[in-house]
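Student: Please find one structure pasted underneath; my questions will follow.
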Amino acid sequence: MAAFDNPAFDDHERVVFCSDKATGLKAIIAIHSTALGPAAGGCRLWAYASDDAALTDVLRLSQGMSYKNALAGLKFGGGKGVIIKTPGFSGSAELYEQFGVSVENLGGAYVTAEDVGMTVEIMQTIARRTKHVSGLPRKEGQAGGDPSPKTSWGIFKGIEAAVKFKLGRDSVDGLTIAIQGAGHVGYYLSKYLSSAGAQLIVADLDATRAERLHEEFGATVVGLDEILFQEVDVLAPCALGAVLTEESIPCLRTGIVAGGANNQLAEQADGQRLVDAGILYAPDYVINGGGIINVSSEYYGGASDDEVMQQVAGIGPRLSGIFSTAEASGRPTNEVADSMAQEIIAGATAS
Ligand code: NAI
């Protein structure tokens, strides 16, 4: 499929296909908008079913980053990278360095960081070839490093806001929360939730990751096909996107969906389907903005870790505002958030 014809294209400013025969690098960098600043968004490492699937993923994620960065009040536009895990993928340092060269060649239009499949160590390797990278090890007390704990902190504050709005409760103490995905985000989220007294149910493709949550936080481990459909107070999707669909939504047994995965809705209409099912949905790119707030503080410098934690905690009140506007206007929360982000970007483009 031609890139321009992809339904997720949405007037991207630039899409770059990166390939290097010597290292086997195959990657795509999508720059959705630079209206608010350099296009920032993590890089995902994934074994896609096809190149078209990789393109669609990077385009959707990149647009989501534009909206996420706008609503988080950051001086960042939206972009994203994907490195395609091809059969026989080497994962060599040279391959990641070559990705760094591709980022550097964009002259600062794109700033990369961690996403699914990436680590701080890989970011350090990429950083040998480009300065436009964040999520690197940090000095004691300074903002930066792995963004996942901050992402999870923001999700935790967002879940608290959703619980207050929907259930009128001030805390998650005694509530049951299902977490799909026990990776970086799922792990730290479990830590915050369990310290606050929530009961956890978890599933992960990687059984050892789920088991770790059982051992450390007493989480109940269930099957991959069961996790979305547990009877719970909150469902927190923290794996991959498109889990909320026309088929899955009627089978959910939760009053709240609030989790870290990007692009949880398979399509826009799923926002209304959630409303119709009586489920409060915390728009993914609002609730999972903590990581990019951390990335921004690292990239632009100057903030301490404590200041970043406070800034990330602002995700709670931001979501409460979106929930109230959605209720008052009768519109789904995802549409309310989209309109707010589009207004901010349009304002910057016009000025
Ligand atoms: P990760 O790669 O550390 O963890 C993802 C986990 O999900 C893995 O353990 C994987 O085995 C599991 N998984 C994949 N498919 C699954 C399925 N069908 N059922 C159950 N488990 C499944 O990735 P990370 O960093 O935890 O990210 C999770 C989600 O949060 C992604 O959608 C990512 O884009 C999003 N996100 C992450 C941020 C971060 O700071 N790490 C920031 C904002 C969003």
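Each chain of the structure tokens is named A, B, ... in the order shown, its residues numbered from 1; ligands are numbered from 1 in display order.
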Could you give me, as JSON lines, a per-residue list for chain A showing, wherever an atom lies at most 8 Å from an atom of ligand 1, the closest pair of atoms and their distance in Å to one decimal, using only C-alpha atoms and all ligand atoms and sorting by chain then residue number from low to high?
Tutor:
```
{"residue": "A:Gly42", "atom": "CA", "partner": "ligand 1", "partner_atom_place_in_ligand_line": "42 (C)", "distance": 7.8}
{"residue": "A:Arg44", "atom": "CA", "partner": "ligand 1", "partner_atom_place_in_ligand_line": "34 (O)", "distance": 7.6}
{"residue": "A:Glu114", "atom": "CA", "partner": "ligand 1", "partner_atom_place_in_ligand_line": "41 (N)", "distance": 6.5}
{"residue": "A:Asp115", "atom": "CA", "partner": "ligand 1", "partner_atom_place_in_ligand_line": "41 (N)", "distance": 5.2}
{"residue": "A:Val116", "atom": "CA", "partner": "ligand 1", "partner_atom_place_in_ligand_line": "2 (O)", "distance": 3.9}
{"residue": "A:Gly117", "atom": "CA", "partner": "ligand 1", "partner_atom_place_in_ligand_line": "2 (O)", "distance": 4.6}
{"residue": "A:Met118", "atom": "CA", "partner": "ligand 1", "partner_atom_place_in_ligand_line": "2 (O)", "distance": 7.2}
{"residue": "A:Asp146", "atom": "CA", "partner": "ligand 1", "partner_atom_place_in_ligand_line": "40 (O)", "distance": 7.1}
{"residue": "A:Pro147", "atom": "CA", "partner": "ligand 1", "partner_atom_place_in_ligand_line": "40 (O)", "distance": 4.4}
{"residue": "A:Ser148", "atom": "CA", "partner": "ligand 1", "partner_atom_place_in_ligand_line": "40 (O)", "distance": 3.5}
{"residue": "A:Pro149", "atom": "CA", "partner": "ligand 1", "partner_atom_place_in_ligand_line": "40 (O)", "distance": 7.0}
{"residue": "A:Lys150", "atom": "CA", "partner": "ligand 1", "partner_atom_place_in_ligand_line": "40 (O)", "distance": 7.0}
{"residue": "A:Thr151", "atom": "CA", "partner": "ligand 1", "partner_atom_place_in_ligand_line": "40 (O)", "distance": 4.9}
{"residue": "A:Ser152", "atom": "CA", "partner": "ligand 1", "partner_atom_place_in_ligand_line": "40 (O)", "distance": 7.5}
{"residue": "A:Gln180", "atom": "CA", "partner": "ligand 1", "partner_atom_place_in_ligand_line": "20 (C)", "distance": 5.0}
{"residue": "A:Gly181", "atom": "CA", "partner": "ligand 1", "partner_atom_place_in_ligand_line": "21 (N)", "distance": 3.8}
{"residue": "A:Ala182", "atom": "CA", "partner": "ligand 1", "partner_atom_place_in_ligand_line": "9 (O)", "distance": 4.9}
{"residue": "A:Gly183", "atom": "CA", "partner": "ligand 1", "partner_atom_place_in_ligand_line": "4 (O)", "distance": 3.2}
{"residue": "A:His184", "atom": "CA", "partner": "ligand 1", "partner_atom_place_in_ligand_line": "26 (O)", "distance": 3.7}
{"residue": "A:Val185", "atom": "CA", "partner": "ligand 1", "partner_atom_place_in_ligand_line": "26 (O)", "distance": 3.7}
{"residue": "A:Gly186", "atom": "CA", "partner": "ligand 1", "partner_atom_place_in_ligand_line": "26 (O)", "distance": 5.7}
{"residue": "A:Tyr187", "atom": "CA", "partner": "ligand 1", "partner_atom_place_in_ligand_line": "26 (O)", "distance": 7.5}
{"residue": "A:Ala203", "atom": "CA", "partner": "ligand 1", "partner_atom_place_in_ligand_line": "20 (C)", "distance": 5.2}
{"residue": "A:Asp204", "atom": "CA", "partner": "ligand 1", "partner_atom_place_in_ligand_line": "21 (N)", "distance": 3.4}
{"residue": "A:Leu205", "atom": "CA", "partner": "ligand 1", "partner_atom_place_in_ligand_line": "11 (O)", "distance": 4.4}
{"residue": "A:Asp206", "atom": "CA", "partner": "ligand 1", "partner_atom_place_in_ligand_line": "11 (O)", "distance": 4.8}
{"residue": "A:Arg209", "atom": "CA", "partner": "ligand 1", "partner_atom_place_in_ligand_line": "9 (O)", "distance": 6.3}
{"residue": "A:Leu224", "atom": "CA", "partner": "ligand 1", "partner_atom_place_in_ligand_line": "19 (N)", "distance": 5.1}
{"residue": "A:Asp225", "atom": "CA", "partner": "ligand 1", "partner_atom_place_in_ligand_line": "19 (N)", "distance": 7.8}
{"residue": "A:Ile227", "atom": "CA", "partner": "ligand 1", "partner_atom_place_in_ligand_line": "19 (N)", "distance": 7.8}
{"residue": "A:Pro237", "atom": "CA", "partner": "ligand 1", "partner_atom_place_in_ligand_line": "29 (C)", "distance": 7.8}
{"residue": "A:Cys238", "atom": "CA", "partner": "ligand 1", "partner_atom_place_in_ligand_line": "29 (C)", "distance": 4.6}
{"residue": "A:Ala239", "atom": "CA", "partner": "ligand 1", "partner_atom_place_in_ligand_line": "7 (O)", "distance": 3.7}
{"residue": "A:Leu240", "atom": "CA", "partner": "ligand 1", "partner_atom_place_in_ligand_line": "32 (O)", "distance": 4.3}
{"residue": "A:Gly241", "atom": "CA", "partner": "ligand 1", "partner_atom_place_in_ligand_line": "32 (O)", "distance": 5.9}
{"residue": "A:Gly259", "atom": "CA", "partner": "ligand 1", "partner_atom_place_in_ligand_line": "30 (O)", "distance": 8.0}
{"residue": "A:Gly260", "atom": "CA", "partner": "ligand 1", "partner_atom_place_in_ligand_line": "30 (O)", "distance": 4.6}
{"residue": "A:Ala261", "atom": "CA", "partner": "ligand 1", "partner_atom_place_in_ligand_line": "32 (O)", "distance": 3.3}
{"residue": "A:Asn262", "atom": "CA", "partner": "ligand 1", "partner_atom_place_in_ligand_line": "32 (O)", "distance": 4.4}
{"residue": "A:Asn263", "atom": "CA", "partner": "ligand 1", "partner_atom_place_in_ligand_line": "32 (O)", "distance": 7.4}
{"residue": "A:Tyr285", "atom": "CA", "partner": "ligand 1", "partner_atom_place_in_ligand_line": "43 (C)", "distance": 7.5}
{"residue": "A:Asn288", "atom": "CA", "partner": "ligand 1", "partner_atom_place_in_ligand_line": "43 (C)", "distance": 4.9}
{"residue": "A:Gly289", "atom": "CA", "partner": "ligand 1", "partner_atom_place_in_ligand_line": "43 (C)", "distance": 6.2}
{"residue": "A:Gly290", "atom": "CA", "partner": "ligand 1", "partner_atom_place_in_ligand_line": "42 (C)", "distance": 7.1}
{"residue": "A:Gly291", "atom": "CA", "partner": "ligand 1", "partner_atom_place_in_ligand_line": "40 (O)", "distance": 4.5}
{"residue": "A:Ile292", "atom": "CA", "partner": "ligand 1", "partner_atom_place_in_ligand_line": "42 (C)", "distance": 6.8}
```
Student: Compile the contact shell of A:Cys251 as a CSV table (one decimal) with C-alpha atoms, in the first residue's frame: residues with an atom at most 12 Å away, counting only C-alpha atoms, same-chain residues fewer than 5 positions apart removed.
Tutor:
```
chain,number,residue,atom,x,y,z
A,225,ASP,CA,-7.4,-14.7,26.4
A,226,GLU,CA,-9.0,-14.1,29.8
A,227,ILE,CA,-7.3,-10.9,31.1
A,228,LEU,CA,-9.5,-8.4,29.2
A,229,PHE,CA,-12.7,-10.0,30.4
A,230,GLN,CA,-12.1,-10.2,34.2
A,231,GLU,CA,-14.8,-8.8,36.5
A,243,VAL,CA,-7.5,-4.2,22.3
A,244,LEU,CA,-10.8,-2.3,22.5
A,245,THR,CA,-12.9,-3.3,19.5
A,246,GLU,CA,-16.4,-3.8,18.4
A,273,ARG,CA,-19.1,2.0,22.1
A,274,LEU,CA,-17.4,2.3,25.5
A,277,ALA,CA,-21.4,0.1,27.5
A,279,ILE,CA,-17.5,2.3,30.7
```
Student: Out of stretch 21-177 of chain A, which residues get strand (DSSP E) from DSSP, as a list in words?
Tutor: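 The strand (DSSP E) subset of stretch 21-177 of chain A is Leu25, Lys26, Ala27, Ile28, Ile29, Ala30, Ile31, His32, Ser33, Ala39, Ala40, Cys43, Arg44, Leu45, Trp46, Gly77, Gly78, Gly79, Lys80, Gly81, Val82, Ile83, Ile84, Tyr110, Val111, Thr176 and Ile177 of chain A.
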Student: Under the rule that only C-alpha atoms are counted, which of A:Val111, A:Leu189, A:Ala210, A:Leu95 is the nearest residue to A:Gly154?
Tutor: A:Leu189
Student: Residues near A:Met309, anyone? I mean within 8 Å using only C-alpha atoms, not counting same-chain ones fewer than 4 positions away, as a PyMOL selection string.
Tutor: chain A and resi 150+153+305+313
Student: Looking at A:Gly24, A:Lys75, A:Gly197, A:Glu307, which one is nearest to A:Gly144, with distances taken over only C-alpha atoms?
Tutor: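 Ranking A:Gly24, A:Lys75, A:Gly197, A:Glu307 by distance to A:Gly144, first place goes to A:Glu307.
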Student: Please extract the residues of stretch 45-163 of chain A with a backbone DSSP assignment of alpha helix (DSSP H) and present them as a ChimeraX atom specification.
Tutor: /A:51-71,93-105,120-126,148-163
Student: Please compute the atom CA of A:Leu235-atom CA of A:Val163 distance, one decimal, in Å.
Tutor: 11.5 Å
Student: Neighbouring residues of A:Ala269 were defined as those with any atom within 12 Å, considering only C-alpha atoms; residues of the same chain fewer than 6 positions away were excluded. Please report them as a PDB file with C-alpha atoms, in the first residue's frame.
Tutor:
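The resulting file, out.pdb, is shown below:
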```pdb
ATOM      1  CA  LEU A 244     -10.780  -2.268  22.520  1.00  0.00           C
ATOM      2  CA  THR A 245     -12.851  -3.342  19.540  1.00  0.00           C
ATOM      3  CA  GLU A 246     -16.448  -3.788  18.416  1.00  0.00           C
ATOM      4  CA  ILE A 249     -16.097  -4.049  24.256  1.00  0.00           C
ATOM      5  CA  VAL A 275     -19.801   5.073  26.495  1.00  0.00           C
ATOM      6  CA  ASP A 276     -22.721   2.902  25.364  1.00  0.00           C
ATOM      7  CA  ARG A 331     -19.238  13.228  23.758  1.00  0.00           C
ATOM      8  CA  PRO A 332     -16.854  10.300  24.253  1.00  0.00           C
ATOM      9  CA  THR A 333     -13.647  11.117  26.150  1.00  0.00           C
ATOM     10  CA  ASN A 334     -11.400  10.237  23.188  1.00  0.00           C
ATOM     11  CA  GLU A 335     -13.159  12.796  20.988  1.00  0.00           C
TER      12      GLU A 335
END
```
Student: I'd like to know which of A:Met65, A:Ala303, A:Ile84, A:Cys18 is closest to A:Thr34, using only C-alpha atoms.
Tutor: A:Met65
Student: Using only C-alpha atoms, determine which residues lie at most 8 Å from stretch 157-161 of chain A, disregarding the query and same-chain residues fewer than 2 positions distant; provide the list as a VMD selection string.
Tutor: chain A and resid 153 to 155 163 to 165 170 to 172 234 258 to 259 282 287 313 315 to 317 319 to 320
Student: Rank nothing, just name the residue among A:Val295, A:Leu59, A:Ala350, A:Ala30 nearest to A:Ser134, using only C-alpha atoms.
Tutor: A:Val295
Student: Between atom CA of A:Phe76 and atom CA of A:Gln311, what is the distance, to one decimal in Å?
Tutor: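 Calculated distance between atom CA of A:Phe76 and atom CA of A:Gln311 is 15.7 Å.
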Student: Can you pull out the residues contacting A:Val308? Cut-off 7 Å, using only C-alpha atoms, and skip same-chain residues under 4 positions away; I want them as a PyMOL selection string.
Tutor: chain A and resi 143+294+303-304+312
Student: So the first atom is atom CA of A:Thr220 and the second is atom CA of A:Leu252; what is the distance between them in Å, to one decimal place?
Tutor: 18.2 Å
